[in-house]
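Engineer: First the structure, which I've put down as structure tokens, then a few questions once you've had a look.
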Amino acid sequence: MKKLITINEAAKILNVSKETLRRWDKTGKFKSYRNPINNYRVYDRSEVENLLKEFNINYEKHTAIIDRTLYFETSLGKLYHTDALTLLKSLADKSVDLIFADPPYNIKKAE
């Protein structure tokens, strides 16, 4: 028998918003079931846990292929020279205290 959990519980386990789960349901990425009494979205706990395992596998694969060129290191931290958006996507949640990025300011003046 399936152990069903609420959308709120599933969102907390997967570390995504409830809106993300609703969007995934609408687009078919991760389907929900409907509670027969109130028609609320519910999720099979084992399916949520399997998706969480898939996230972790994808995270490990993704971080392995990123080119992180260490530019400078001190006892206070490390400075990388890499594409910031790619690097940010590879970092674990709540693992960074400060990010310094140097975007291309005044890009229109260069034309």
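By convention in this document, the chains of the structure tokens carry letters A, B, ... by their order, each chain's residues are numbered from 1, and ligands are numbered from 1 in the order they are shown.
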Would you pick out the contacts of Thr6 of chain A at 10 Å or less, using only C-alpha atoms, so that residues sharing its chain but fewer than 5 positions from it are not included, and give the list as a ChimeraX atom specification?
Structural biologist: /A:11,18,32-33,35,40-45
Engineer: Between A:Arg34, A:Ala10, A:Asp25, A:Leu91, which is the closest to Leu51 of chain A once you count only C-alpha atoms?
Structural biologist: A:Ala10
Engineer: Restricting the calculation to only C-alpha atoms: of A:Val48, A:Val96, A:Ile7, A:Ile37, which residue gets closest to Arg23 of chain A?
Structural biologist: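 Looking only at the distances to Arg23 of chain A, the closest residue turns out to be A:Ile7.
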Engineer: For the alpha helix (DSSP H) assignment from backbone DSSP, which residues of segment 21-85 of chain A qualify? Please present them as a ChimeraX atom specification.
Structural biologist: /A:21-27,45-64,84-85
Engineer: Can you measure atom CA of Glu49 of chain A to atom CA of Ile13 of chain A for me? One decimal in Å is fine.
Structural biologist: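 We find that atom CA of Glu49 of chain A and atom CA of Ile13 of chain A lie 8.0 Å from each other.
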Engineer: Quick one: pull the distance between atom CA of Asn50 of chain A and atom CA of Ala92 of chain A, Å, one decimal.
Structural biologist: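 Separation of atom CA of Asn50 of chain A and atom CA of Ala92 of chain A: 18.9 Å.
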Engineer: State, in Å with one decimal place, the distance from atom CA of Asn8 of chain A to atom CA of Thr20 of chain A.
Structural biologist: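 Computing it gives 11.2 Å between the two atoms.
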Engineer: Using only C-alpha atoms, which of A:Lys31, A:Leu52, A:Ile99, A:Lys94 sits nearest Tyr80 of chain A?
Structural biologist: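 Of A:Lys31, A:Leu52, A:Ile99, A:Lys94, the one nearest Tyr80 of chain A, counting only C-alpha atoms, is A:Ile99.
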